[in-house]
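Below is the file input.txt, which contains compact mmCIF, C-alpha atoms.
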# COMPACT_ATOMS: atom_id res chain seq x y z
CA MET A 161 27.41 -19.10 15.84
CA SER A 162 29.12 -16.85 13.30
CA PHE A 163 28.18 -16.91 9.66
CA ASP A 164 29.16 -15.10 6.50
CA PRO A 165 26.29 -12.82 5.62
CA ALA A 166 25.20 -11.84 2.15
CA ILE A 167 24.29 -8.16 2.10
CA THR A 168 22.97 -6.26 -0.89
CA LEU A 169 23.71 -2.56 -1.15
CA PHE A 170 21.87 -0.39 -3.64
CA SER A 171 23.82 2.81 -4.02
CA CYS A 172 23.13 5.78 -6.22
CA HIS A 173 25.54 6.53 -9.02
CA TYR A 174 26.64 9.81 -7.45
CA THR A 175 27.34 8.40 -4.01
CA SER A 176 29.17 5.33 -5.20
CA GLN A 177 30.96 6.47 -8.33
CA GLN A 178 34.35 6.91 -6.70
CA SER A 179 33.84 3.76 -4.66
CA CYS A 180 33.95 1.79 -7.87
CA ALA A 181 37.19 3.34 -9.09
CA GLU A 182 39.93 0.84 -9.86
CA GLU A 183 37.34 -1.90 -9.79
CA GLY A 184 36.63 -1.26 -6.13
CA LYS A 185 40.16 -2.00 -4.97
CA GLU A 186 40.39 1.27 -3.07
CA LEU A 187 37.19 0.38 -1.28
CA GLU A 188 38.60 -3.01 -0.38
CA GLN A 189 41.80 -1.42 0.94
CA LEU A 190 39.74 0.83 3.19
CA GLY A 191 38.21 -2.23 4.83
CA PHE A 192 34.81 -2.25 3.13
CA PRO A 193 33.25 -5.62 4.06
CA SER A 194 33.45 -8.31 1.42
CA SER A 195 30.01 -9.51 2.46
CA ILE A 196 28.45 -6.55 0.67
CA ASN A 197 27.41 -6.81 -2.95
CA LEU A 198 27.20 -3.28 -4.35
CA VAL A 199 24.57 -2.60 -6.97
CA ARG A 200 24.76 0.84 -8.55
CA VAL A 201 21.56 2.52 -9.65
CA PRO A 202 21.16 5.80 -11.57
CA CYS A 203 19.12 7.19 -8.67
CA THR A 204 17.86 5.49 -5.51
CA GLY A 205 14.51 7.08 -6.24
CA LYS A 206 14.22 4.55 -9.05
CA LEU A 207 14.26 1.65 -6.58
CA GLN A 208 10.90 0.01 -6.10
CA VAL A 209 9.68 -1.91 -3.06
CA THR A 210 9.78 -5.02 -5.22
CA THR A 211 13.48 -4.45 -6.00
CA LEU A 212 14.32 -4.52 -2.30
CA LEU A 213 12.09 -7.52 -1.60
CA LYS A 214 13.60 -9.38 -4.56
CA ALA A 215 17.03 -9.02 -2.96
CA PHE A 216 15.69 -10.88 0.09
CA GLU A 217 14.07 -13.47 -2.18
CA ASP A 218 17.44 -13.92 -3.88
CA GLY A 219 19.06 -14.77 -0.56
CA ALA A 220 20.24 -11.52 1.00
CA ASP A 221 20.46 -11.57 4.79
CA GLY A 222 20.36 -7.78 4.81
CA VAL A 223 19.65 -5.02 2.31
CA TYR A 224 20.54 -1.36 2.48
CA VAL A 225 20.38 1.71 0.32
CA VAL A 226 22.82 4.60 0.15
CA GLY A 227 21.55 7.75 -1.48
CA CYS A 228 22.30 11.43 -1.57
CA PRO A 229 21.74 13.70 1.45
CA GLU A 230 18.05 14.50 1.87
CA ASP A 231 18.63 18.15 1.05
CA GLY A 232 21.13 17.52 -1.72
CA CYS A 233 19.85 14.80 -4.01
CA HIS A 234 21.03 15.15 -7.58
CA ASN A 235 17.48 14.31 -8.67
CA VAL A 236 15.90 16.55 -6.00
CA LYS A 237 13.75 13.99 -4.18
CA GLY A 238 15.19 10.65 -5.28
CA SER A 239 16.79 9.69 -1.98
CA ILE A 240 13.70 10.84 -0.04
CA ARG A 241 11.56 8.52 -2.16
CA ALA A 242 14.05 5.71 -1.56
CA ALA A 243 13.87 6.26 2.21
CA LYS A 244 10.07 5.97 2.07
CA ARG A 245 10.30 2.68 0.21
CA VAL A 246 12.92 1.33 2.59
CA ALA A 247 10.56 2.23 5.45
CA ALA A 248 7.72 0.39 3.69
CA VAL A 249 9.88 -2.73 3.31
CA ARG A 250 10.89 -2.48 6.95
CA GLU A 251 7.23 -2.45 8.01
CA ALA A 252 6.47 -5.37 5.69
CA LEU A 253 9.33 -7.39 7.19
CA LYS A 254 7.95 -6.72 10.67
CA GLU A 255 4.54 -7.91 9.50
CA LEU A 256 6.17 -11.17 8.45
CA GLY A 257 7.80 -11.47 11.88
CA VAL A 258 11.27 -10.57 10.64
CA GLU A 259 13.63 -7.97 12.12
CA GLY A 260 13.06 -4.63 10.43
CA GLU A 261 16.73 -3.79 11.01
CA ARG A 262 17.62 -6.07 8.14
CA VAL A 263 16.86 -3.19 5.80
CA GLU A 264 18.29 0.30 6.16
CA MET A 265 18.60 3.66 4.41
CA TYR A 266 21.60 5.95 4.64
CA HIS A 267 21.95 9.45 3.21
CA LEU A 268 25.62 10.11 2.49
CA PRO A 269 27.64 12.75 0.67
CA ARG A 270 28.77 12.12 -2.87
CA GLY A 271 32.05 10.37 -3.53
CA LEU A 272 34.11 8.04 -1.45
CA HIS A 273 33.95 9.34 2.10
CA PRO A 274 34.85 7.46 5.30
CA GLU A 275 31.13 7.27 6.13
CA PHE A 276 30.52 5.04 3.12
CA VAL A 277 32.91 2.46 4.57
CA GLU A 278 31.67 3.00 8.13
CA LYS A 279 28.07 2.35 7.19
CA GLY A 280 29.12 -0.78 5.33
CA LYS A 281 30.86 -2.03 8.45
CA GLU A 282 27.83 -1.07 10.52
CA MET A 283 25.51 -3.13 8.33
CA ASP A 284 27.92 -6.05 8.22
CA SER A 285 28.16 -6.07 12.02
CA ARG A 286 24.39 -5.69 12.44
CA ILE A 287 23.54 -8.55 10.11
CA ARG A 288 26.16 -10.82 11.70
CA ASP A 289 24.50 -10.14 15.06
CA LEU A 290 21.02 -10.83 13.66
CA GLY A 291 22.11 -14.07 12.02
CA PRO A 292 20.96 -15.67 8.78
CA SER A 293 17.81 -14.44 7.09
CA PRO A 294 14.67 -16.24 8.26
CA PHE A 295 13.78 -16.49 4.56
CA GLN A 296 16.56 -18.99 3.98
CA ASN A 297 14.52 -21.94 5.28
CA MET B 230 -13.43 5.96 -6.05
CA ILE B 231 -13.37 2.98 -3.74
CA ILE B 232 -10.50 3.22 -1.26
CA ALA B 233 -8.90 0.09 0.17
CA GLU B 234 -5.86 -1.02 2.14
CA ARG B 235 -3.88 -4.23 2.13
CA LYS B 236 -4.78 -6.68 4.85
CA PRO B 237 -2.13 -7.57 7.43
CA MET B 238 0.30 -10.10 5.96
CA ALA B 239 -0.33 -12.58 8.77
CA GLU B 240 -3.97 -12.76 7.67
CA ILE B 241 -3.07 -13.25 4.00
CA ILE B 242 -0.40 -15.87 4.74
CA GLU B 243 -2.95 -17.79 6.82
CA MET B 244 -5.38 -17.78 3.87
CA VAL B 245 -2.89 -19.40 1.49
CA GLN B 246 -1.31 -21.84 3.94
CA ASP B 247 -2.53 -24.91 2.09
CA CYS B 248 -1.92 -23.60 -1.42
CA LYS B 249 0.88 -24.68 -3.71
CA LYS B 250 0.10 -22.14 -6.42
CA VAL B 251 -1.80 -18.88 -6.17
CA LEU B 252 -2.73 -16.17 -8.63
CA VAL B 253 -2.43 -12.66 -7.20
CA LEU B 254 -4.92 -10.81 -9.33
CA ALA B 255 -4.74 -7.03 -9.56
CA CYS B 256 -7.56 -4.72 -10.59
CA ARG B 257 -6.81 -1.76 -12.83
CA GLY B 258 -9.79 0.21 -11.50
CA CYS B 259 -10.15 2.24 -8.29
CA VAL B 260 -7.61 0.23 -6.29
CA THR B 261 -4.91 1.03 -8.81
CA VAL B 262 -5.62 4.73 -8.41
CA CYS B 263 -5.49 4.52 -4.60
CA SER B 264 -2.30 2.40 -4.78
CA ALA B 265 -3.79 -0.53 -2.88
CA GLY B 266 -4.37 -3.22 -5.47
CA GLY B 267 -2.94 -2.33 -8.86
CA GLU B 268 -0.26 -4.24 -10.73
CA ARG B 269 2.54 -2.72 -8.67
CA GLU B 270 0.89 -3.64 -5.39
CA ALA B 271 0.15 -7.15 -6.70
CA ASP B 272 3.85 -7.63 -7.46
CA ILE B 273 4.75 -6.49 -3.95
CA LEU B 274 2.17 -8.82 -2.43
CA ALA B 275 3.39 -11.75 -4.53
CA SER B 276 6.90 -11.21 -3.21
CA LEU B 277 5.67 -10.93 0.39
CA ILE B 278 3.63 -14.13 0.05
CA ARG B 279 6.67 -16.02 -1.27
CA LEU B 280 8.83 -14.66 1.56
CA GLY B 281 6.20 -15.29 4.23
CA MET B 282 5.64 -18.86 3.13
CA LYS B 283 9.37 -19.48 2.88
CA LYS B 284 9.82 -18.22 6.43
CA GLY B 285 7.25 -20.79 7.49
CA GLY B 286 9.21 -23.51 5.73
CA LYS B 287 6.82 -23.81 2.79
CA SER B 288 7.28 -23.08 -0.86
CA ILE B 289 4.60 -21.57 -3.03
CA GLU B 290 4.37 -20.57 -6.65
CA VAL B 291 2.87 -17.12 -7.04
CA LEU B 292 1.65 -15.84 -10.39
CA THR B 293 0.51 -12.29 -10.94
CA GLY B 294 -2.04 -10.97 -13.37
CA SER B 295 -4.49 -8.15 -13.70
CA LEU B 296 -7.93 -7.41 -15.07
CA VAL B 297 -9.23 -4.13 -16.44
CA ARG B 298 -11.84 -4.30 -13.69
CA GLN B 299 -13.05 -7.09 -11.45
CA CYS B 300 -16.56 -5.68 -11.24
CA ASP B 301 -17.75 -6.50 -14.77
CA ARG B 302 -18.72 -9.87 -16.18
CA GLU B 303 -16.88 -9.32 -19.44
CA TYR B 304 -13.55 -8.78 -17.70
CA ILE B 305 -13.98 -11.66 -15.26
CA ASP B 306 -13.96 -13.99 -18.27
CA GLU B 307 -10.29 -13.11 -18.76
CA ILE B 308 -9.43 -15.16 -15.65
CA ASP B 309 -9.81 -18.25 -17.81
CA GLN B 310 -6.37 -17.62 -19.34
CA TRP B 311 -4.86 -18.85 -16.06
CA ASN B 312 -7.06 -21.93 -15.74
CA GLY B 313 -5.21 -24.82 -14.11
CA GLU B 314 -2.32 -22.62 -13.00
CA TYR B 315 -3.46 -21.89 -9.44
CA ASP B 316 -5.17 -23.37 -6.39
CA ALA B 317 -6.68 -20.05 -5.35
CA VAL B 318 -6.94 -16.44 -6.45
CA VAL B 319 -5.77 -13.72 -4.08
CA SER B 320 -7.62 -10.70 -5.34
CA THR B 321 -6.28 -7.21 -4.78
CA ALA B 322 -9.59 -5.73 -5.93
CA CYS B 323 -12.14 -4.24 -3.59
CA GLY B 324 -14.77 -6.49 -2.06
CA VAL B 325 -16.89 -6.09 -5.17
CA GLY B 326 -14.24 -7.83 -7.25
CA VAL B 327 -13.92 -10.73 -4.82
CA ASN B 328 -17.69 -11.16 -4.83
CA PHE B 329 -17.89 -10.99 -8.62
CA ILE B 330 -15.31 -13.71 -9.08
CA SER B 331 -17.08 -15.84 -6.47
CA ASN B 332 -20.42 -15.26 -8.19
CA LEU B 333 -19.17 -16.10 -11.66
CA ARG B 334 -16.52 -18.78 -11.08
CA LYS B 335 -18.11 -21.42 -8.85
CA GLU B 336 -15.01 -23.62 -8.97
CA THR B 337 -12.54 -20.85 -8.03
CA MET B 338 -11.53 -20.15 -4.44
CA VAL B 339 -10.98 -16.40 -4.02
CA TYR B 340 -9.32 -14.69 -1.09
CA PRO B 341 -9.40 -10.93 -0.39
CA ALA B 342 -6.03 -9.23 -0.09
CA LEU B 343 -7.57 -5.89 0.80
CA ASN B 344 -9.87 -4.37 3.35
CA THR B 345 -12.31 -2.20 1.41
CA THR B 346 -12.69 0.95 3.42
CA PHE B 347 -14.74 3.76 1.91
CA PHE B 348 -15.73 5.94 -1.04
CA GLY B 349 -13.26 8.77 -1.08
CA GLY B 350 -10.91 11.03 -2.88
CA SER B 351 -7.23 11.84 -2.88
CA ALA B 352 -6.76 14.75 -0.48
CA GLU B 353 -3.08 14.90 -1.34
CA GLN B 354 -0.46 12.44 -2.52
CA GLY B 355 -0.65 9.36 -0.32
CA GLU B 356 -3.71 10.53 1.60
CA TRP B 357 -7.35 9.65 0.93
CA THR B 358 -10.41 10.87 2.76
CA GLU B 359 -13.98 9.61 2.96
CA GLN B 360 -16.44 11.78 1.07
CA CYS B 361 -19.51 9.65 0.36
CA ALA B 362 -21.31 6.86 2.20
CA GLY B 363 -23.32 5.58 -0.74
CA CYS B 364 -26.49 6.00 1.33
CA GLY B 365 -28.76 6.06 -1.71
CA ASP B 366 -30.61 9.30 -0.89
CA CYS B 367 -28.29 12.21 -1.55
CA VAL B 368 -28.82 15.43 0.43
CA LEU B 369 -25.85 17.35 -0.95
CA HIS B 370 -28.12 19.93 -2.59
CA LEU B 371 -29.24 20.94 0.91
CA THR B 372 -25.83 20.95 2.56
CA GLY B 373 -23.64 23.01 0.28
CA GLY B 374 -22.26 19.93 -1.45
CA LEU B 375 -20.69 18.59 1.75
CA CYS B 376 -21.96 15.25 3.01
CA PRO B 377 -23.11 14.97 6.63
CA VAL B 378 -23.78 11.24 6.27
CA ALA B 379 -20.18 10.36 5.42
CA ARG B 380 -18.33 13.23 7.02
CA CYS B 381 -20.15 13.81 10.33
CA ALA B 382 -19.08 11.26 12.95
CA LYS B 383 -22.72 10.90 13.99
CA SER B 384 -24.17 11.20 10.46
CA LEU B 385 -26.40 13.92 11.85
CA MET B 386 -29.01 15.35 9.50
CA ASN B 387 -29.48 18.42 11.68
CA GLY B 388 -26.11 19.63 12.90
CA PRO B 389 -23.83 20.63 14.34
CA CYS B 390 -23.99 18.84 17.68
CA GLY B 391 -22.63 20.17 20.95
CA GLY B 392 -19.27 18.56 20.27
CA SER B 393 -18.30 21.04 17.60
CA VAL B 394 -15.43 23.22 18.86
CA ASP B 395 -13.64 25.79 16.71
CA GLY B 396 -14.71 24.00 13.58
CA ARG B 397 -13.32 20.67 14.75
CA CYS B 398 -15.15 17.49 15.75
CA GLU B 399 -15.12 16.26 19.33
CA ILE B 400 -13.92 12.80 18.26
CA HIS B 401 -10.52 14.20 17.23
CA SER B 402 -9.02 17.61 16.66
CA ASP B 403 -7.80 16.45 13.22
CA VAL B 404 -11.39 15.96 12.06
CA GLU B 405 -13.28 18.94 10.73
CA CYS B 406 -16.82 19.48 11.92
CA ILE B 407 -18.57 19.11 8.60
CA TRP B 408 -21.64 20.90 9.92
CA GLN B 409 -19.51 23.95 10.71
CA SER B 410 -18.14 23.73 7.15
CA ILE B 411 -21.68 23.37 5.78
CA TYR B 412 -22.71 26.46 7.72
CA ASP B 413 -19.70 28.44 6.49
CA ARG B 414 -20.22 27.33 2.91
CA LEU B 415 -23.95 28.04 2.85
CA GLY B 416 -23.14 31.44 4.36
CA SER B 417 -20.75 32.21 1.53
CA PHE B 418 -23.71 31.80 -0.84
CA ASP B 419 -26.00 33.81 1.48
CA ARG B 420 -27.99 30.66 2.16
CA SER B 421 -27.25 30.06 5.85
CA ALA B 422 -31.01 30.34 6.57
CA GLN B 423 -31.21 26.88 5.02
CA MET B 424 -29.69 25.57 8.26
CA GLU B 425 -32.92 26.45 10.07
CA VAL B 426 -34.97 24.02 8.00
CA ILE B 427 -35.30 20.90 10.11
CA ALA B 428 -34.53 17.73 8.20
CA PRO B 429 -37.21 15.10 8.80
CA ILE B 430 -36.50 11.70 10.34
CA ARG B 431 -34.66 9.81 7.69
CA ASP B 432 -35.62 6.53 6.08
CA TRP B 433 -32.36 4.60 5.94
CA SER B 434 -33.72 1.71 3.86
CA SER B 435 -31.93 3.12 0.81
CA ALA B 436 -28.64 2.91 2.71
CA GLY B 437 -28.60 -0.86 2.83
CA HIS B 438 -30.72 -1.22 5.94
CA GLY B 439 -33.39 -2.65 3.67
CA GLY B 440 -31.06 -5.41 2.48
CA PRO B 441 -28.66 -5.64 -0.50
CA ARG B 442 -29.38 -2.92 -3.03
CA LYS B 443 -29.88 -3.22 -6.73
CA VAL B 444 -30.22 -0.79 -9.59
CA VAL B 445 -32.06 -1.89 -12.72
CA ARG B 446 -32.19 0.34 -15.79
CA ASP B 447 -34.85 -0.92 -18.18
CA ASP B 448 -33.48 1.31 -20.92
CA LEU B 449 -30.16 -0.54 -20.76
CA THR B 450 -31.24 -4.14 -20.24
CA VAL B 451 -31.65 -6.30 -23.32

Please re-express this file's structure in structure tokens.
Amino acid sequence: MSFDPAITLFSCHYTSQQSCAEEGKELEQLGFPSSINLVRVPCTGKLQVTTLLKAFEDGADGVYVVGCPEDGCHNVKGSIRAAKRVAAVREALKELGVEGERVEMYHLPRGLHPEFVEKGKEMDSRIRDLGPSPFQN
Amino acid sequence: MIIAERKPMAEIIEMVQDCKKVLVLACRGCVTVCSAGGEREADILASLIRLGMKKGGKSIEVLTGSLVRQCDREYIDEIDQWNGEYDAVVSTACGVGVNFISNLRKETMVYPALNTTFFGGSAEQGEWTEQCAGCGDCVLHLTGGLCPVARCAKSLMNGPCGGSVDGRCEIHSDVECIWQSIYDRLGSFDRSAQMEVIAPIRDWSSAGHGGPRKVVRDDLTV
């Protein structure tokens, strides 16, 4: 049974800045899934485990983070820290008997590149396959 | 400091199954320093409890709070500010904290969120290692300041054993043979002859084998 997922994306300012140009219309024209709610953060290293869990508590079926390349973070280690926290949330989800694939980390170049849209589509497809969040009961 | 780790979530969710409201209570002592049970970890646990219960089709109200320490009577009194707001406390303190609340608040059900593991130190960021066993009869003055009770897999008092290979312990190549390190360290102070002094058979009663331990300081009691 198909459903319309709610996916929360936390993206760093540098990776997403051009994605938000013209109020995101360019992104929409490139086929970026409408299921994704983009939240910009100054640096993904600022994201806490609780921030990611709160997104699930607020009804997200999937959550992902897009930060700078590991060797090219504007804040040196911000995206590496984010990846560690995403991994911690993934393990916590597994402990609760929930698919760890519902949370993901991507390291992408700055600006609006095709990969930014591709990864959005990838998450959208993945979450549609997984179905609604088990936390929606 | 006391090192601890969060219990598996399945175990914690099982504890609070029948609760409608819980207080996740952090400790700002050792477990904050080792990132197991401070305010940040309590917030994470609160979220995981809400999610875990929701997945099971149950709702639960989860409050969070913290005490300066959960191992002192004066700080335990601060729990009273949440009176009537919870069915049970889920403590992210070490086992001492859970015991102290149980001792002092007869009417309060307390669950442990952590497994208390050992006395240790921070070897590097995110890594803690056992350094002391709290055995109550310290021999560090004889062993170059390195503890064979806590750091030798066999707690040998006359080491090393035959399982010491290239400075590593036979239980795992990641584990240093502390008796090799003791030998090397004593040698650096020209005291390796100390290794030839046979340690007598040890009385382990001070290590808890004689029952729960207690320290009383007459100069401090009033």

**Message:** Around the point (26.9, -21.8, 11.3) (coordinates from the file), which residues reach within 10 Å if we count all atoms listed in the file? Answer as a ChimeraX atom specification.
**Reply:** /A:161-164,291-292

Residue selection dump (C-alpha atoms) as a JSON list (two decimals), in the frame of the given file:
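Okay, out16.json is ready:
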[["chain", "number", "residue", "atom", "x", "y", "z"],
["A", 161, "MET", "CA", 27.41, -19.10, 15.84],
["A", 162, "SER", "CA", 29.12, -16.85, 13.30],
["A", 163, "PHE", "CA", 28.18, -16.91, 9.66],
["A", 164, "ASP", "CA", 29.16, -15.10, 6.50],
["A", 291, "GLY", "CA", 22.11, -14.07, 12.02],
["A", 292, "PRO", "CA", 20.96, -15.67, 8.78]]

As a JSON list (two decimals) with C-alpha atoms, in the coordinates of the input, please: the residues near B:Ala265 (cut-off 9 Å, only C-alpha atoms, same-chain neighbours under 6 positions excluded).
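Contents of out.json, freshly written:
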[["chain", "number", "residue", "atom", "x", "y", "z"],
["B", 232, "ILE", "CA", -10.50, 3.22, -1.26],
["B", 233, "ALA", "CA", -8.90, 0.09, 0.17],
["B", 234, "GLU", "CA", -5.86, -1.02, 2.14],
["B", 235, "ARG", "CA", -3.88, -4.23, 2.13],
["B", 259, "CYS", "CA", -10.15, 2.24, -8.29],
["B", 271, "ALA", "CA", 0.15, -7.15, -6.70],
["B", 321, "THR", "CA", -6.28, -7.21, -4.78],
["B", 322, "ALA", "CA", -9.59, -5.73, -5.93],
["B", 343, "LEU", "CA", -7.57, -5.89, 0.80]]

**Message:** Just the number, please: distance in Å from atom CA of A:Leu268 to atom CA of B:Ile273, one decimal.
**Reply:** 27.4 Å

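Between atom CA of B:Ser384 and atom CA of B:Ala362 lies a distance of 9.8 Å.
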
**Message:** Env of B:Val404: 12 Å cut, atoms = only C-alpha atoms, seq-sep filter 4 positions within chain, self excluded. Answer as a PyMOL selection string.
**Reply:** chain B and resi 358-359+380-382+392-400+408-410

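Closest to chain A among B:Cys256, B:Ala275, B:Met424, B:Leu415 is B:Ala275, based on all atoms listed in the file.
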
8 Å contacts from chain B to chain A using only C-alpha atoms, as a JSON list (two decimals) with C-alpha atoms, in the coordinates of the input:
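File part.json, as written:
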[["chain", "number", "residue", "atom", "x", "y", "z"],
["B", 237, "PRO", "CA", -2.13, -7.57, 7.43],
["B", 238, "MET", "CA", 0.30, -10.10, 5.96],
["B", 239, "ALA", "CA", -0.33, -12.58, 8.77],
["B", 272, "ASP", "CA", 3.85, -7.63, -7.46],
["B", 273, "ILE", "CA", 4.75, -6.49, -3.95],
["B", 276, "SER", "CA", 6.90, -11.21, -3.21],
["B", 277, "LEU", "CA", 5.67, -10.93, 0.39],
["B", 279, "ARG", "CA", 6.67, -16.02, -1.27],
["B", 280, "LEU", "CA", 8.83, -14.66, 1.56],
["B", 281, "GLY", "CA", 6.20, -15.29, 4.23],
["B", 283, "LYS", "CA", 9.37, -19.48, 2.88],
["B", 284, "LYS", "CA", 9.82, -18.22, 6.43],
["B", 285, "GLY", "CA", 7.25, -20.79, 7.49],
["B", 286, "GLY", "CA", 9.21, -23.51, 5.73]]

**Request:** Would you list the contacts of stretch 195-205 of chain A as an MDAnalysis selection string, taking every protein, DNA or RNA residue within 9 Å and counting only C-alpha atoms, but skipping same-chain residues closer than 2 positions in sequence?
**Result:** chainID A and resid 164:174 176:177 192:193 207:208 225:228 233:235 237:243 245 280 283:284

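We find atom CA of B:Ala342 and atom CA of A:Val246 to be spaced 21.9 Å apart.
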
Would you list the contacts of A:Lys281 as a short mmCIF file (atom, residue, chain, number, x, y, z; two decimals) with C-alpha atoms, in the frame of the given file, taking every protein, DNA or RNA residue within 9 Å and counting all atoms listed in the file, but skipping same-chain residues closer than 4 positions in sequence?
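Generated file (result.cif):
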data_model
loop_
_atom_site.label_atom_id
_atom_site.label_comp_id
_atom_site.auth_asym_id
_atom_site.auth_seq_id
_atom_site.Cartn_x
_atom_site.Cartn_y
_atom_site.Cartn_z
CA GLY A 191 38.21 -2.23 4.83
CA PHE A 192 34.81 -2.25 3.13
CA PRO A 193 33.25 -5.62 4.06
CA PHE A 276 30.52 5.04 3.12
CA VAL A 277 32.91 2.46 4.57
CA SER A 285 28.16 -6.07 12.02
CA ARG A 286 24.39 -5.69 12.44
#

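Residue nearest B:Tyr340, chosen from B:Ile241, B:Leu274, B:Val297, B:Cys364 and counting all atoms listed in the file: B:Ile241.
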
**Message:** Around (-12.9, 2.1, -8.5), as given in the file, which residues come within 9 Å? Count only C-alpha atoms and list them as a ChimeraX atom specification.
**Reply:** /B:230-232,256-263,298,322-323,348

**Prompt:** Which is closer to B:Cys367 than all the others in B:Met338, B:Ala422, B:Val327, B:Ala379, using only C-alpha atoms?
**Reply:** B:Ala379

**Item:** Selection near B:Ser435, 8 Å with all atoms listed in the file, sequence-local residues under 2 positions removed, as a PyMOL selection string
**Value:** chain B and resi 364-366+432-433+437-439+442

Could I see stretch 429-447 of chain B restored to N, CA and C atoms, set down as a short mmCIF file (atom, residue, chain, number, x, y, z; two decimals), in the coordinates of the input?
data_model
loop_
_atom_site.label_atom_id
_atom_site.label_comp_id
_atom_site.auth_asym_id
_atom_site.auth_seq_id
_atom_site.Cartn_x
_atom_site.Cartn_y
_atom_site.Cartn_z
N PRO B 429 -36.32 16.08 8.17
CA PRO B 429 -37.21 15.10 8.80
C PRO B 429 -36.45 13.83 9.19
N ILE B 430 -37.09 13.00 10.00
CA ILE B 430 -36.50 11.70 10.34
C ILE B 430 -36.24 10.94 9.06
N ARG B 431 -35.08 10.39 8.97
CA ARG B 431 -34.66 9.81 7.69
C ARG B 431 -35.02 8.33 7.58
N ASP B 432 -35.40 7.95 6.40
CA ASP B 432 -35.62 6.53 6.08
C ASP B 432 -34.31 5.97 5.54
N TRP B 433 -33.69 5.10 6.31
CA TRP B 433 -32.36 4.60 5.94
C TRP B 433 -32.44 3.32 5.09
N SER B 434 -33.62 2.96 4.63
CA SER B 434 -33.72 1.71 3.86
C SER B 434 -32.89 1.77 2.57
N SER B 435 -32.72 3.00 2.04
CA SER B 435 -31.93 3.12 0.81
C SER B 435 -30.44 2.95 1.08
N ALA B 436 -30.06 2.97 2.36
CA ALA B 436 -28.64 2.91 2.71
C ALA B 436 -28.16 1.48 2.97
N GLY B 437 -28.99 0.52 2.63
CA GLY B 437 -28.60 -0.86 2.83
C GLY B 437 -29.29 -1.50 4.03
N HIS B 438 -30.01 -0.67 4.79
CA HIS B 438 -30.72 -1.22 5.94
C HIS B 438 -31.94 -2.01 5.50
N GLY B 439 -32.28 -1.87 4.22
CA GLY B 439 -33.39 -2.65 3.67
C GLY B 439 -32.89 -3.88 2.92
N GLY B 440 -31.65 -4.25 3.16
CA GLY B 440 -31.06 -5.41 2.48
C GLY B 440 -30.19 -4.99 1.31
N PRO B 441 -29.55 -5.95 0.64
CA PRO B 441 -28.66 -5.64 -0.50
C PRO B 441 -29.40 -4.82 -1.55
N ARG B 442 -28.73 -3.83 -2.07
CA ARG B 442 -29.38 -2.92 -3.03
C ARG B 442 -29.11 -3.32 -4.47
N LYS B 443 -29.98 -2.86 -5.32
CA LYS B 443 -29.88 -3.22 -6.73
C LYS B 443 -30.41 -2.07 -7.56
N VAL B 444 -29.75 -1.81 -8.65
CA VAL B 444 -30.22 -0.79 -9.59
C VAL B 444 -30.52 -1.48 -10.90
N VAL B 445 -31.71 -1.30 -11.42
CA VAL B 445 -32.06 -1.89 -12.72
C VAL B 445 -32.47 -0.75 -13.65
N ARG B 446 -31.85 -0.68 -14.79
CA ARG B 446 -32.19 0.34 -15.79
C ARG B 446 -32.83 -0.37 -16.98
N ASP B 447 -34.14 -0.25 -17.09
CA ASP B 447 -34.85 -0.92 -18.18
C ASP B 447 -34.36 -0.45 -19.56
#
